[in-house]
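Q: One structure follows; several queries about it will come next.
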Amino acid sequence: MAMAIPGSGHGPKSEINMTPMIDILLVLLIIFMVITPLTPKGLSALAPQPPDKDKPPPPDQDRTVVIIIDKDGKMHLNNEDTDEQKLGPRLVEIFKTRAERVVFVKGDPDLEYESVARAIDIAKGAEIDKIGLMTPKVESGN
């Protein structure tokens with residue numbers, strides 16, 4: 001580091017002093033290193049577990065609530081037909097007396113994700129705690 005002294009005959013220097021810039025960069029680097037582990041990693045997903053092949057299914061299988069969306073966009077709640085307007089009130093009615101609020105959404109593989117997202121949004125509006133997505137692999141038991 002050199003300093004220009006007036007009257008030394010050289011005049012002022014036109015160089016940038018890099019020390020303050022490096023200090024600022026190091027402080028920013030430390031800040032980002034501290035903040036990075038605090039960022040969320042992603043969404044937590046709930047997937048139904050396949051049943052054991054040796055055990056018979058438990059008797060309370062009828063308590064599982066599945067929203068099925070076919071390739072035409074029509075919605076079914078377990079085995080009853082429904083639509084977007086009826087789905088929310090029907091879910092509220094079903095879960096009125098239940099402590100565990102879990103719903104699974106099963107969409108056709110050729111379906112746009114928008115329809116599945118709308119069903120998830122309706123379920124969230126009905127104050128469902130956990131929403132799982134059913135995949136063909138989970139349904140087959142793998």
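Identifiers for the structure tokens are assigned positionally: chains receive A, B, ... in sequence, residues are indexed from 1 per chain, and ligands are indexed from 1 in the order shown.
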With only C-alpha atoms as the counted atoms, please give the residues lying no more than 9 Å from Ser115 in chain A, apart from itself and same-chain residues fewer than 6 positions off, as number ranges by chain.
A: A: 69, 73, 107
Q: Neighbours of Thr82 in chain A within 12 Å (only C-alpha atoms; same-chain residues fewer than 2 positions away dropped), as a compact mmCIF listing (two decimals) with all heavy atoms, in the first residue's frame?
A:
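Saved file out.txt follows:
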```txt
# COMPACT_ATOMS: atom_id res chain seq x y z
N ILE A 67 -59.38 -38.43 -3.04
CA ILE A 67 -59.96 -37.61 -4.10
C ILE A 67 -59.39 -38.13 -5.42
O ILE A 67 -58.18 -38.07 -5.62
CB ILE A 67 -59.62 -36.13 -3.92
CG1 ILE A 67 -60.13 -35.62 -2.58
CG2 ILE A 67 -60.20 -35.30 -5.06
CD1 ILE A 67 -59.63 -34.24 -2.22
N ILE A 68 -60.24 -38.64 -6.28
CA ILE A 68 -59.79 -39.21 -7.55
C ILE A 68 -60.20 -38.25 -8.67
O ILE A 68 -61.36 -37.84 -8.74
CB ILE A 68 -60.43 -40.60 -7.79
CG1 ILE A 68 -60.08 -41.54 -6.62
CG2 ILE A 68 -59.97 -41.19 -9.11
CD1 ILE A 68 -60.88 -42.81 -6.60
N ILE A 69 -59.23 -37.92 -9.52
CA ILE A 69 -59.51 -37.05 -10.66
C ILE A 69 -59.19 -37.85 -11.92
O ILE A 69 -58.05 -38.27 -12.13
CB ILE A 69 -58.65 -35.77 -10.60
CG1 ILE A 69 -58.82 -35.09 -9.25
CG2 ILE A 69 -59.03 -34.83 -11.73
CD1 ILE A 69 -57.84 -33.99 -9.00
N ASP A 70 -60.22 -38.09 -12.75
CA ASP A 70 -59.99 -38.88 -13.97
C ASP A 70 -59.46 -37.99 -15.09
O ASP A 70 -59.29 -36.78 -14.93
CB ASP A 70 -61.25 -39.64 -14.38
CG ASP A 70 -62.43 -38.74 -14.64
OD1 ASP A 70 -62.24 -37.52 -14.75
OD2 ASP A 70 -63.56 -39.26 -14.74
N GLY A 73 -61.10 -34.73 -16.02
CA GLY A 73 -61.14 -33.68 -15.01
C GLY A 73 -62.27 -33.84 -14.03
O GLY A 73 -62.47 -32.98 -13.18
N LYS A 74 -63.04 -34.94 -14.12
CA LYS A 74 -64.14 -35.17 -13.19
C LYS A 74 -63.58 -35.67 -11.86
O LYS A 74 -62.67 -36.48 -11.82
CB LYS A 74 -65.12 -36.19 -13.75
CG LYS A 74 -65.83 -35.71 -15.00
CD LYS A 74 -66.79 -36.74 -15.50
CE LYS A 74 -67.44 -36.26 -16.79
NZ LYS A 74 -68.29 -37.31 -17.36
N MET A 75 -64.17 -35.19 -10.76
CA MET A 75 -63.69 -35.54 -9.43
C MET A 75 -64.62 -36.56 -8.78
O MET A 75 -65.83 -36.53 -8.96
CB MET A 75 -63.62 -34.30 -8.54
CG MET A 75 -62.57 -33.33 -8.93
SD MET A 75 -62.49 -32.01 -7.71
CE MET A 75 -61.18 -31.06 -8.41
N HIS A 76 -63.99 -37.46 -8.03
CA HIS A 76 -64.72 -38.46 -7.25
C HIS A 76 -64.12 -38.44 -5.85
O HIS A 76 -62.91 -38.36 -5.69
CB HIS A 76 -64.56 -39.86 -7.85
CG HIS A 76 -64.89 -39.92 -9.30
ND1 HIS A 76 -66.18 -40.01 -9.78
CD2 HIS A 76 -64.10 -39.90 -10.41
CE1 HIS A 76 -66.16 -40.05 -11.10
NE2 HIS A 76 -64.91 -39.98 -11.51
N LEU A 77 -64.97 -38.50 -4.86
CA LEU A 77 -64.53 -38.59 -3.47
C LEU A 77 -64.82 -40.01 -3.03
O LEU A 77 -65.99 -40.38 -2.83
CB LEU A 77 -65.27 -37.57 -2.62
CG LEU A 77 -64.78 -37.39 -1.19
CD1 LEU A 77 -63.33 -36.94 -1.19
CD2 LEU A 77 -65.63 -36.39 -0.47
N ASN A 78 -63.78 -40.82 -2.91
CA ASN A 78 -63.87 -42.27 -2.76
C ASN A 78 -64.68 -42.81 -3.92
O ASN A 78 -64.21 -42.84 -5.04
CB ASN A 78 -64.42 -42.66 -1.39
CG ASN A 78 -63.40 -42.41 -0.30
OD1 ASN A 78 -62.25 -42.12 -0.57
ND2 ASN A 78 -63.83 -42.50 0.93
N ASN A 79 -65.93 -43.23 -3.73
CA ASN A 79 -66.71 -43.77 -4.85
C ASN A 79 -67.86 -42.88 -5.27
O ASN A 79 -68.62 -43.24 -6.16
CB ASN A 79 -67.25 -45.16 -4.49
CG ASN A 79 -66.14 -46.18 -4.44
OD1 ASN A 79 -65.16 -46.08 -5.16
ND2 ASN A 79 -66.28 -47.16 -3.56
N GLU A 80 -68.03 -41.74 -4.65
CA GLU A 80 -69.14 -40.86 -5.02
C GLU A 80 -68.67 -39.73 -5.93
O GLU A 80 -67.59 -39.17 -5.74
CB GLU A 80 -69.84 -40.31 -3.77
CG GLU A 80 -69.03 -39.31 -2.99
CD GLU A 80 -69.76 -38.81 -1.76
OE1 GLU A 80 -70.02 -39.63 -0.87
OE2 GLU A 80 -70.07 -37.61 -1.71
N GLU A 84 -66.00 -29.46 -8.09
CA GLU A 84 -65.21 -28.52 -7.28
C GLU A 84 -66.06 -27.78 -6.26
O GLU A 84 -65.60 -27.47 -5.16
CB GLU A 84 -64.49 -27.52 -8.18
CG GLU A 84 -63.38 -28.14 -8.98
CD GLU A 84 -62.64 -27.13 -9.82
OE1 GLU A 84 -62.73 -25.92 -9.53
OE2 GLU A 84 -61.96 -27.55 -10.77
N GLN A 85 -67.31 -27.46 -6.59
CA GLN A 85 -68.16 -26.71 -5.67
C GLN A 85 -68.62 -27.58 -4.49
O GLN A 85 -68.78 -27.09 -3.38
CB GLN A 85 -69.41 -26.16 -6.39
CG GLN A 85 -69.12 -25.01 -7.33
CD GLN A 85 -68.50 -25.46 -8.65
OE1 GLN A 85 -68.66 -26.60 -9.06
NE2 GLN A 85 -67.78 -24.57 -9.30
N LYS A 86 -68.85 -28.87 -4.72
CA LYS A 86 -69.34 -29.75 -3.67
C LYS A 86 -68.22 -30.37 -2.85
O LYS A 86 -68.47 -30.86 -1.74
CB LYS A 86 -70.17 -30.88 -4.29
CG LYS A 86 -71.41 -30.42 -5.00
CD LYS A 86 -72.11 -31.60 -5.63
CE LYS A 86 -73.26 -31.15 -6.53
NZ LYS A 86 -73.82 -32.30 -7.25
N LEU A 87 -66.99 -30.38 -3.37
CA LEU A 87 -65.89 -31.08 -2.72
C LEU A 87 -65.55 -30.49 -1.35
O LEU A 87 -65.42 -31.21 -0.37
CB LEU A 87 -64.65 -31.08 -3.62
CG LEU A 87 -63.43 -31.83 -3.08
CD1 LEU A 87 -63.76 -33.30 -2.89
CD2 LEU A 87 -62.26 -31.68 -4.04
N GLY A 88 -65.42 -29.18 -1.27
CA GLY A 88 -65.06 -28.53 0.00
C GLY A 88 -66.06 -28.80 1.11
O GLY A 88 -65.68 -29.27 2.19
N PRO A 89 -67.37 -28.51 0.88
CA PRO A 89 -68.35 -28.80 1.94
C PRO A 89 -68.43 -30.28 2.31
O PRO A 89 -68.64 -30.62 3.46
CB PRO A 89 -69.67 -28.31 1.35
CG PRO A 89 -69.29 -27.32 0.31
CD PRO A 89 -67.96 -27.76 -0.21
N ARG A 90 -68.24 -31.14 1.33
CA ARG A 90 -68.30 -32.59 1.61
C ARG A 90 -67.11 -33.00 2.49
O ARG A 90 -67.27 -33.81 3.41
CB ARG A 90 -68.30 -33.37 0.29
CG ARG A 90 -68.39 -34.86 0.47
CD ARG A 90 -69.76 -35.27 1.00
NE ARG A 90 -69.80 -36.72 1.10
CZ ARG A 90 -70.04 -37.38 2.23
NH1 ARG A 90 -70.32 -36.72 3.33
NH2 ARG A 90 -70.03 -38.68 2.25
N LEU A 91 -65.91 -32.45 2.22
CA LEU A 91 -64.75 -32.76 3.06
C LEU A 91 -64.96 -32.25 4.48
O LEU A 91 -64.60 -32.93 5.44
CB LEU A 91 -63.48 -32.16 2.44
CG LEU A 91 -62.94 -32.85 1.20
CD1 LEU A 91 -61.80 -32.05 0.60
CD2 LEU A 91 -62.47 -34.26 1.52
N ALA A 119 -57.59 -29.41 -6.51
CA ALA A 119 -58.12 -30.34 -5.49
C ALA A 119 -57.36 -30.18 -4.17
O ALA A 119 -57.96 -30.18 -3.09
CB ALA A 119 -58.03 -31.78 -5.99
```
Q: Which residues are close to Phe95 in chain A, i.e. within 12 Å by only C-alpha atoms, leaving aside same-chain residues fewer than 2 positions away? Reply as number ranges by chain.
A: A: 63-65, 88-93, 97-103, 123, 126-129
Q: Rank nothing, just name the residue among A:Leu133, A:Val66, A:Thr19, A:Ile35 nearest to Tyr113 in chain A, using only C-alpha atoms.
A: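 The answer is A:Leu133, which sits nearest to Tyr113 in chain A.
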Q: For the atom pair CA of Ile131 in chain A and CA of Lys53 in chain A, what is the interatomic distance in Å to one decimal place?
A: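 According to the coordinates, CA of Ile131 in chain A and CA of Lys53 in chain A are separated by 25.0 Å.
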Q: How many Å separate CA of Leu111 in chain A from CA of Lys71 in chain A?
A: 5.4 Å
Q: What is the CA of Thr135 in chain A-CA of Pro50 in chain A distance in Å, reported with one decimal?
A: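 If I compute the distance from CA of Thr135 in chain A to CA of Pro50 in chain A, I get 11.0 Å.
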